[in-house]
Amino acid sequence: MIRFALPLGIFVLMVGLLGYGLRLDPKIVPSPLIDKPAPAFSLSTLEDPSRQLSTVDMAGQVWVLNVWASWCVSCRAEHEVIKSLASRNLVTVVGLNYKDDPGDATRWLKQLGNPYATSVVDRDGRVGIDWGVYGVPETFVIGADGMIKYKHIGPVTHESLEQKIMPILRELLS
Amino acid sequence: MKPLLLFILLGICWIPAQAAIEAYEFDSPQMEADYNQLINELRCLVCQNQNLSGSNAELAQDLRRETYQMLQQGKSQQEVVDFMVARYGDFVLYRPQFKASTYLLWLGPFLLLLVVLFVVIRRLRAAQKPVEVDTAALDNARQLLERNEPRP
C-alpha cells in the first residue's frame, strides 16, 4: 500500500505547489518598504517649479503617492480611478511625475483632469529608485506615522481601489 | 584553409551578450571588475529574466548609473547590494543571500542528495545480505535431483 501512497502523495503535493505558483503574478514583486519609513524627498512641484514639496510637509497625515507619467499608457487607464479617490476628499493624493517632460505632463493633466493636490517632478527617476519604483503606475499609501502601509503595482482599478486601498485608508483614518 | 574558415565562422557567431552601452571610466581595474560583477548579479525588475548588464530598459540604465556612482564614491560591493535590496527586495539578487529564509533554497539540493544516498545505500545493503537458506530443504532437493531414476 505504502508503495503507491508515497509517490501519489508526492505527486499531489507537487501539483498543489505548482498550481499555486501558476496563480502568482511574477510581475508583482513584494516591496521591502512596507511598514518602513517613507523615503524622504524634497522636489519641486510641477505647477510651480520654484516651490518645493518634501515628505516632511506630509508628516502627521495619511496620504497617497501615485507615480505617473504622460508617456505611461496604464496611467491613462487608471486616471479615472485616481480621480474618483481624490474626489472623496479623504486623503491628500500627491502625484510623483516620474521621468517625464514637465510640458508633456502639464498638457496631460489639462487634457485628462488633475486629481492631485500637487505633483512633484522626479525628472531623472532618482526618487523613484529610493521608493523602489520599477513599473509605473505605482501607488503608495503612507500613514500618519510616516510609514508606507501599502504599495499597489500597476494600474489601480475600481475593484482594487474598493477592495484593497479603501479598507486600508479607512483603518488608517479611524 | 579549413582552420581559417572555422575561425571566421566562429568570429561571426560570437556576438557579445551584453547590452550595456554606457562608457563609464573607472579609477581602477578593481572598480571596473566590481562594477561588472554587480551589474551581472543584479536583476532588472522591468524585464525580470535579465540582469542589469543584459537589459536596456530605462530602469536598468538608471540602476547601472547608480551602481557606478556608488562605486565612484568609494562604496563597497556589499553596500551597493544592500542599497538595491533595501529598495527592491531580495528578488533583485540573482545570487540570493544565505540567511534564515533562504537556508532551504541553498541547502535543499544537498539535503535531497543525502536522502537519496541514504535510500540507495539501504537498498544496496539489503541486496548484499546473504539469503537465509533452509539447508534441510536444499538437501532434500539435491537428493531428488541426484536420484536420477530411469523413467518408466
# chains A, B, ... in the order shown; residues from 1 in each chain; ligands from 1
>>> residues_around(residues="Pro137 of chain A", least_positions_apart="3", cutoff="8 Å", atoms="only C-alpha atoms", output="MDAnalysis selection string")
chainID A and resid 66:69 72 74:75 153:155
>>> residues_around(residues="segment 33-45 of chain B", least_positions_apart="2", cutoff="9 Å", atoms="only C-alpha atoms", output="VMD selection string")
(chain A and resid 27 29 134 to 135) or (chain B and resid 28 to 31 47 to 55 57 59 to 60 63 to 64 67 to 68 71 76 to 77 80 to 81 84 88 91 to 95)
>>> write_last_selection(atoms="N, CA and C atoms", output="JSON list (two decimals), in the first residue's frame")
[["chain", "number", "residue", "atom", "x", "y", "z"],
["A", 27, "LYS", "N", 5.14, 39.42, -11.99],
["A", 27, "LYS", "CA", 5.44, 40.84, -12.21],
["A", 27, "LYS", "C", 5.30, 41.64, -10.93],
["A", 29, "VAL", "N", 6.35, 42.17, -7.45],
["A", 29, "VAL", "CA", 7.40, 41.85, -6.50],
["A", 29, "VAL", "C", 7.09, 42.54, -5.19],
["A", 134, "TYR", "N", 9.49, 50.36, -10.09],
["A", 134, "TYR", "CA", 10.02, 49.69, -11.27],
["A", 134, "TYR", "C", 8.98, 49.53, -12.37],
["A", 135, "GLY", "N", 7.71, 49.79, -12.05],
["A", 135, "GLY", "CA", 6.69, 49.67, -13.08],
["A", 135, "GLY", "C", 5.64, 50.73, -12.87],
["B", 28, "SER", "N", 40.05, 52.46, -11.22],
["B", 28, "SER", "CA", 40.97, 51.32, -11.11],
["B", 28, "SER", "C", 40.35, 50.10, -11.77],
["B", 29, "PRO", "N", 41.20, 49.16, -12.22],
["B", 29, "PRO", "CA", 40.67, 47.93, -12.80],
["B", 29, "PRO", "C", 39.81, 47.17, -11.80],
["B", 30, "GLN", "N", 40.16, 47.29, -10.52],
["B", 30, "GLN", "CA", 39.38, 46.61, -9.47],
["B", 30, "GLN", "C", 37.95, 47.13, -9.45],
["B", 31, "MET", "N", 37.81, 48.45, -9.56],
["B", 31, "MET", "CA", 36.48, 49.05, -9.54],
["B", 31, "MET", "C", 35.67, 48.61, -10.76],
["B", 47, "CYS", "N", 12.45, 43.79, -16.96],
["B", 47, "CYS", "CA", 12.47, 42.56, -17.76],
["B", 47, "CYS", "C", 13.11, 41.51, -16.88],
["B", 48, "GLN", "N", 12.26, 40.79, -16.17],
["B", 48, "GLN", "CA", 12.71, 40.10, -14.96],
["B", 48, "GLN", "C", 13.71, 38.98, -15.15],
["B", 49, "ASN", "N", 13.85, 38.47, -16.35],
["B", 49, "ASN", "CA", 14.83, 37.40, -16.51],
["B", 49, "ASN", "C", 16.14, 37.90, -17.09],
["B", 50, "GLN", "N", 16.36, 39.19, -16.97],
["B", 50, "GLN", "CA", 17.63, 39.75, -17.41],
["B", 50, "GLN", "C", 18.32, 40.44, -16.25],
["B", 51, "ASN", "N", 19.64, 40.45, -16.31],
["B", 51, "ASN", "CA", 20.36, 41.19, -15.29],
["B", 51, "ASN", "C", 20.56, 42.63, -15.77],
["B", 52, "LEU", "N", 21.16, 43.44, -14.93],
["B", 52, "LEU", "CA", 21.32, 44.85, -15.29],
["B", 52, "LEU", "C", 22.21, 45.01, -16.51],
["B", 53, "SER", "N", 23.20, 44.11, -16.66],
["B", 53, "SER", "CA", 24.11, 44.29, -17.80],
["B", 53, "SER", "C", 23.44, 43.87, -19.10],
["B", 54, "GLY", "N", 22.47, 42.97, -19.02],
["B", 54, "GLY", "CA", 21.86, 42.46, -20.25],
["B", 54, "GLY", "C", 20.65, 43.25, -20.69],
["B", 55, "SER", "N", 20.17, 44.15, -19.83],
["B", 55, "SER", "CA", 18.91, 44.82, -20.13],
["B", 55, "SER", "C", 19.16, 46.26, -20.55],
["B", 57, "ALA", "N", 16.48, 48.34, -20.55],
["B", 57, "ALA", "CA", 15.32, 49.07, -20.04],
["B", 57, "ALA", "C", 15.82, 50.33, -19.32],
["B", 59, "LEU", "N", 15.05, 51.57, -16.50],
["B", 59, "LEU", "CA", 15.38, 51.35, -15.10],
["B", 59, "LEU", "C", 16.76, 50.71, -14.97],
["B", 60, "ALA", "N", 17.07, 49.79, -15.88],
["B", 60, "ALA", "CA", 18.38, 49.13, -15.85],
["B", 60, "ALA", "C", 19.48, 50.16, -16.08],
["B", 63, "LEU", "N", 19.85, 52.12, -12.91],
["B", 63, "LEU", "CA", 20.48, 51.38, -11.82],
["B", 63, "LEU", "C", 21.96, 51.13, -12.10],
["B", 64, "ARG", "N", 22.32, 51.02, -13.38],
["B", 64, "ARG", "CA", 23.75, 50.92, -13.71],
["B", 64, "ARG", "C", 24.45, 52.21, -13.34],
["B", 67, "THR", "N", 24.81, 52.31, -9.64],
["B", 67, "THR", "CA", 25.89, 51.40, -9.22],
["B", 67, "THR", "C", 27.25, 52.05, -9.45],
["B", 68, "TYR", "N", 27.40, 52.63, -10.64],
["B", 68, "TYR", "CA", 28.67, 53.28, -10.99],
["B", 68, "TYR", "C", 28.98, 54.43, -10.03],
["B", 71, "LEU", "N", 30.03, 53.23, -6.59],
["B", 71, "LEU", "CA", 31.40, 52.72, -6.57],
["B", 71, "LEU", "C", 32.39, 53.88, -6.65],
["B", 76, "SER", "N", 31.43, 50.06, -1.07],
["B", 76, "SER", "CA", 31.84, 48.68, -1.34],
["B", 76, "SER", "C", 30.73, 47.95, -2.11],
["B", 77, "GLN", "N", 31.10, 46.80, -2.67],
["B", 77, "GLN", "CA", 30.11, 45.99, -3.38],
["B", 77, "GLN", "C", 28.92, 45.68, -2.48],
["B", 80, "VAL", "N", 26.46, 48.47, -2.19],
["B", 80, "VAL", "CA", 25.60, 48.62, -3.36],
["B", 80, "VAL", "C", 24.49, 47.57, -3.31],
["B", 81, "VAL", "N", 24.86, 46.33, -2.96],
["B", 81, "VAL", "CA", 23.86, 45.26, -2.88],
["B", 81, "VAL", "C", 22.81, 45.60, -1.82],
["B", 84, "MET", "N", 20.35, 48.18, -3.08],
["B", 84, "MET", "CA", 19.35, 47.64, -4.00],
["B", 84, "MET", "C", 18.31, 46.80, -3.26],
["B", 88, "TYR", "N", 14.36, 47.22, -3.57],
["B", 88, "TYR", "CA", 13.65, 46.31, -4.47],
["B", 88, "TYR", "C", 13.46, 44.91, -3.89],
["B", 91, "PHE", "N", 14.52, 39.90, -4.41],
["B", 91, "PHE", "CA", 14.32, 39.47, -5.80],
["B", 91, "PHE", "C", 15.34, 40.10, -6.74],
["B", 92, "VAL", "N", 15.92, 41.21, -6.34],
["B", 92, "VAL", "CA", 16.87, 41.92, -7.20],
["B", 92, "VAL", "C", 18.20, 41.15, -7.30],
["B", 93, "LEU", "N", 18.40, 40.19, -6.40],
["B", 93, "LEU", "CA", 19.66, 39.44, -6.40],
["B", 93, "LEU", "C", 19.54, 38.17, -7.22],
["B", 94, "TYR", "N", 20.46, 37.99, -8.16],
["B", 94, "TYR", "CA", 20.48, 36.72, -8.89],
["B", 94, "TYR", "C", 21.14, 35.65, -8.03],
["B", 95, "ARG", "N", 22.00, 36.07, -7.11],
["B", 95, "ARG", "CA", 22.63, 35.13, -6.18],
["B", 95, "ARG", "C", 22.11, 35.45, -4.79]]
>>> select_by_dssp(residues="segment 43-146 of chain B", states="alpha helix (DSSP H)", output="PyMOL selection string")
chain B and resi 58-72+77-88+103-128+135-146
>>> atom_distance(atom1="atom CA of Ala59 of chain A", atom2="atom CA of Ile142 of chain A")
9.5 Å
>>> atom_distance(atom1="atom CA of Leu161 of chain A", atom2="atom CA of Ser84 of chain A")
9.4 Å
>>> interface_residues(of="chain A", to="chain B", cutoff="9 Å", atoms="only C-alpha atoms", output="ChimeraX atom specification")
/A:26-27,29-33,124-126,129-135
>>> write_last_selection(atoms="N, CA and C atoms", output="compact mmCIF listing (two decimals), in the first residue's frame")
# COMPACT_ATOMS: atom_id res chain seq x y z
N PRO A 26 4.25 36.91 -11.40
CA PRO A 26 5.67 37.18 -11.16
C PRO A 26 6.04 38.65 -11.35
N LYS A 27 5.14 39.42 -11.99
CA LYS A 27 5.44 40.84 -12.21
C LYS A 27 5.30 41.64 -10.93
N VAL A 29 6.35 42.17 -7.45
CA VAL A 29 7.40 41.85 -6.50
C VAL A 29 7.09 42.54 -5.19
N PRO A 30 6.94 41.78 -4.10
CA PRO A 30 6.62 42.41 -2.83
C PRO A 30 7.66 43.45 -2.44
N SER A 31 7.20 44.61 -2.02
CA SER A 31 8.13 45.68 -1.69
C SER A 31 8.70 45.49 -0.29
N PRO A 32 10.00 45.66 -0.13
CA PRO A 32 10.59 45.58 1.21
C PRO A 32 10.29 46.84 2.02
N LEU A 33 9.64 47.82 1.40
CA LEU A 33 9.43 49.11 2.07
C LEU A 33 8.17 49.15 2.92
N ASP A 124 14.84 62.73 -13.18
CA ASP A 124 15.82 61.69 -13.50
C ASP A 124 15.51 60.34 -12.85
N GLY A 125 14.38 60.26 -12.14
CA GLY A 125 13.98 58.98 -11.57
C GLY A 125 14.75 58.59 -10.32
N ARG A 126 15.49 59.55 -9.75
CA ARG A 126 16.31 59.23 -8.58
C ARG A 126 15.44 58.93 -7.34
N ILE A 129 13.87 55.52 -7.61
CA ILE A 129 14.74 54.42 -7.16
C ILE A 129 14.63 54.25 -5.65
N ASP A 130 14.63 55.39 -4.93
CA ASP A 130 14.51 55.31 -3.46
C ASP A 130 13.21 54.64 -3.03
N TRP A 131 12.16 54.86 -3.82
CA TRP A 131 10.87 54.28 -3.47
C TRP A 131 10.70 52.89 -4.09
N GLY A 132 11.72 52.39 -4.75
CA GLY A 132 11.65 51.05 -5.35
C GLY A 132 10.67 50.96 -6.50
N VAL A 133 10.52 52.07 -7.23
CA VAL A 133 9.58 52.08 -8.36
C VAL A 133 10.22 51.34 -9.53
N TYR A 134 9.49 50.36 -10.09
CA TYR A 134 10.02 49.69 -11.27
C TYR A 134 8.98 49.53 -12.37
N GLY A 135 7.71 49.79 -12.05
CA GLY A 135 6.69 49.67 -13.08
C GLY A 135 5.64 50.73 -12.87
>>> atom_distance(atom1="atom CA of Gln78 of chain B", atom2="atom CA of Ala23 of chain B")
23.3 Å
>>> residues_around(residues="Gln111 of chain A", least_positions_apart="5", cutoff="12 Å", atoms="only C-alpha atoms", output="JSON, numbers by chain")
{"A": [70, 76, 79, 104, 105, 106]}
>>> write_last_selection(atoms="C-alpha atoms", output="PDB file, in the first residue's frame")
ATOM      1  CA  SER A  70       2.478  61.201 -19.515  1.00  0.00           C
ATOM      2  CA  ARG A  76      -4.200  56.892 -18.553  1.00  0.00           C
ATOM      3  CA  HIS A  79      -6.618  58.032 -14.148  1.00  0.00           C
ATOM      4  CA  ASP A 104       4.016  66.980 -21.607  1.00  0.00           C
ATOM      5  CA  ALA A 105       2.950  66.308 -18.036  1.00  0.00           C
ATOM      6  CA  THR A 106       1.099  69.622 -17.701  1.00  0.00           C
TER       7      THR A 106
END
>>> closest_residue(among="A:Val127, A:Ile82, A:Val91, A:Leu18", to="Pro115 of chain A", atoms="only C-alpha atoms")
A:Ile82
>>> closest_residue(among="B:Phe26, B:Tyr103, B:Asn148, B:Ala141", to="Met70 of chain B", atoms="only C-alpha atoms")
B:Phe26
